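Peer 1: Just passing along the structure, written as structure tokens.
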Amino acid sequence: MRDARKRCPGGYVDVTMLLALGMILIFGLAMIYSTSSYRAYDLYGDQMYFFKRQALYMLLAILAMYIVSRYDYRRLLRLSAVILLSSLVLQVVVLIIGTASHGSARWIYIGPIGFQPSEYAKTAIIIYTSARAAVESKNLCRPGCLIKVMILPVITIALIGVENLSTAIICFAILFVILFVGSPRVRHFVLIGIFGVVGSVLFIMFAGYRANRVKIWLDPENYADGYQTVQSLYAVGSGGLFGVGFGRSVQKMGFIPESHNDMIFSVVCEELGIVGAAFILIIFLILLRRMAVTAMNARDRFGSMLTAGVMAHVAVQLLINVSVVTNTIPPTGVPMPFVSYGGSSIIFILMEMGIVMSVSRGISYDETDI
């Protein structure tokens, strides 16, 4: 792709990455309007209520992404410990004074403004783990060094897991991928993977409602809490090949609770069908491929691991969201990246994309190599 990257002041811009990201963001806004208009009118008398809020969040997020993309990502090496420690403190604070949502304390409010510290934690873990793995690159294959690099992220992940196991799993996957990219010792990562699985099982065993989700997953029609899963499957099945048409979903009219959030992909399947759902997933794959190209060609290990961490975040979160909607895994609340409604989610994930673009701008190889 000779036109994949273009020269701009201060470096290169990956046009393909930007186009793919732009298409996903526009698609997300359109689907938020479609999925939320009924509920917005019912609650607020304005069918554009959620759309306008998300558009504002997105504009702020795009501005933040641009600012971060102009920042030299290598400066994050010196700030990485402070960033993760601040995230760890916020995880403790949210457990003490956090505002509950859907039965779990996940939000911190400062006046009318609220955010989820767990979204910040994903970014913080990417930056810190990438920095430590880059600095300790020659010693990372040693178990003692690997444990030293992991200890603060694992503590942060454990605190997240108290109230939000799904986000903790995403954070652990990010940690795993970055360390795997940074170290060649496969056996260490088999042990880390086993540690992650055992930890997840323990978190499930010590919280009865999580164990119930496994039962719901296996037989959703026989449990009251399986209602959302059943309605999601109805939406996916009724869409067929080409869908019922944009804006014509039936399931969004109160059958799927908050269909503009975690379950938005079910309405995508209903309105746009298998073809529409496949199209947006292909755009995601293009975006992920461009991130992989950036990671492989980054000018240093830090940039490579930062990009790999962001790539893992997007890929794992997308996989979990689609799997929950299709009842492939037990139900859990994970937004579809760039598409689901939510200010904290879109701001932090676009800031991560800004980091990827900063890494991309530093690549100075010939365009024909891409």
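For the structure tokens, the naming scheme is as follows: chains receive sequential letters (A, B, ...) according to their order of presentation, residues are indexed from 1 within each chain, and ligands are indexed from 1 in presentation order.
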With a distance cut-off of 12 Å and only C-alpha atoms, select the neighbouring residues of stretch 187-203 of chain A, excluding the residue or stretch itself and same-chain residues fewer than 4 positions from it, and output the selection as a PyMOL selection string.
Peer 2: chain A and resi 140-147+150+154+157-183+207-211+214
Peer 1: Quick one: residues within 8 Å of A:Ser266, only C-alpha atoms counted, chain neighbours fewer than 3 positions away excluded, as a short mmCIF file (atom, residue, chain, number, x, y, z; two decimals) with all heavy atoms, in the first residue's frame?
Peer 2:
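Written out: result25.cif:
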```
data_model
loop_
_atom_site.label_atom_id
_atom_site.label_comp_id
_atom_site.auth_asym_id
_atom_site.auth_seq_id
_atom_site.Cartn_x
_atom_site.Cartn_y
_atom_site.Cartn_z
N SER A 232 -31.45 -10.51 23.15
CA SER A 232 -30.32 -10.26 22.25
C SER A 232 -30.27 -11.30 21.14
O SER A 232 -30.06 -10.96 19.97
CB SER A 232 -29.01 -10.27 23.05
OG SER A 232 -27.90 -10.17 22.19
N LEU A 233 -30.49 -12.56 21.49
CA LEU A 233 -30.47 -13.63 20.49
C LEU A 233 -31.64 -13.48 19.52
O LEU A 233 -31.51 -13.77 18.33
CB LEU A 233 -30.50 -14.99 21.18
CG LEU A 233 -29.24 -15.35 21.96
CD1 LEU A 233 -29.44 -16.67 22.72
CD2 LEU A 233 -28.03 -15.45 21.04
N ALA A 235 -32.88 -10.64 18.59
CA ALA A 235 -32.47 -9.55 17.70
C ALA A 235 -31.49 -10.05 16.64
O ALA A 235 -31.64 -9.75 15.44
CB ALA A 235 -31.83 -8.42 18.51
N VAL A 236 -30.50 -10.82 17.07
CA VAL A 236 -29.50 -11.34 16.13
C VAL A 236 -30.16 -12.24 15.09
O VAL A 236 -29.91 -12.13 13.88
CB VAL A 236 -28.40 -12.11 16.88
CG1 VAL A 236 -27.45 -12.80 15.89
CG2 VAL A 236 -27.60 -11.17 17.78
N MET A 263 -25.07 -3.93 24.66
CA MET A 263 -25.74 -4.85 23.73
C MET A 263 -25.99 -4.22 22.37
O MET A 263 -26.83 -4.70 21.60
CB MET A 263 -27.05 -5.35 24.35
CG MET A 263 -26.92 -5.98 25.71
SD MET A 263 -25.78 -7.39 25.74
CE MET A 263 -26.80 -8.63 24.94
N CYS A 269 -26.95 -6.29 14.35
CA CYS A 269 -27.31 -7.53 13.64
C CYS A 269 -28.76 -7.51 13.20
O CYS A 269 -29.10 -7.98 12.11
CB CYS A 269 -27.05 -8.74 14.53
SG CYS A 269 -25.31 -9.03 14.90
N GLU A 270 -29.66 -6.97 14.05
CA GLU A 270 -31.08 -6.94 13.72
C GLU A 270 -31.36 -5.98 12.56
O GLU A 270 -32.08 -6.31 11.63
CB GLU A 270 -31.90 -6.55 14.94
CG GLU A 270 -33.41 -6.57 14.68
CD GLU A 270 -34.23 -6.12 15.87
OE1 GLU A 270 -33.63 -5.64 16.86
OE2 GLU A 270 -35.47 -6.23 15.80
N VAL A 325 -22.96 -10.97 23.23
CA VAL A 325 -24.17 -10.71 22.44
C VAL A 325 -24.69 -11.99 21.79
O VAL A 325 -25.90 -12.23 21.71
CB VAL A 325 -23.90 -9.62 21.38
CG1 VAL A 325 -25.01 -9.59 20.33
CG2 VAL A 325 -23.77 -8.26 22.05
N THR A 326 -23.78 -12.83 21.33
CA THR A 326 -24.15 -14.08 20.66
C THR A 326 -24.23 -15.26 21.62
O THR A 326 -24.38 -16.41 21.19
CB THR A 326 -23.15 -14.40 19.53
OG1 THR A 326 -21.82 -14.45 20.08
CG2 THR A 326 -23.22 -13.35 18.44
#
```
Peer 1: Can you tell me how far atom CA of A:Tyr49 sits from atom CA of A:Ile32, in Å to one decimal?
Peer 2: 10.2 Å
Peer 1: Would you mind listing what lies within 9 Å of A:Ile127 as an NGL selection string, with only C-alpha atoms counted and same-chain residues fewer than 6 positions away left out?
Peer 2: :A and (76-77 or 79-81 or 83-84 or 302 or 305-306 or 309)
Peer 1: Select, from A:Gly240, A:Asp219, A:Ile125, A:Ile256, the residue with the minimum atom-to-atom distance to A:Gly276, counting only C-alpha atoms.
Peer 2: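 Closest candidate: A:Gly240.
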Peer 1: Taking the DSSP assignment computed from this structure's backbone, write out as a list in words all residues of stretch 104-222 of chain A that belong to strand (DSSP E or B).
Peer 2: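 Strand (DSSP E or B) assignments inside stretch 104-222 of chain A correspond to Ser104, Ala105, Arg106, Trp107, Ile108, Tyr109, Ile110, Ile113, Gly114 and Phe115 of chain A.
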Peer 1: Which residues are near A:Thr156? Cut-off 8 Å, only C-alpha atoms, ignore same chain within fewer than 5 positions. Put them as a PyMOL selection string.
Peer 2: chain A and resi 87-88+91+121
Peer 1: Of the residues A:Tyr341, A:Phe279, A:Tyr223, A:Phe51, which is the one nearest to A:Phe242, using only C-alpha atoms?
Peer 2: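 Nearest to A:Phe242: A:Phe279.
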Peer 1: For a quick check of understanding, using only C-alpha atoms, which of A:Val82, A:Val310, A:Ile280, A:Ala55 has the smallest distance to A:Ala292?
Peer 2: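 Checking each of A:Val82, A:Val310, A:Ile280, A:Ala55 against A:Ala292, counting only C-alpha atoms, the winner is A:Val310.
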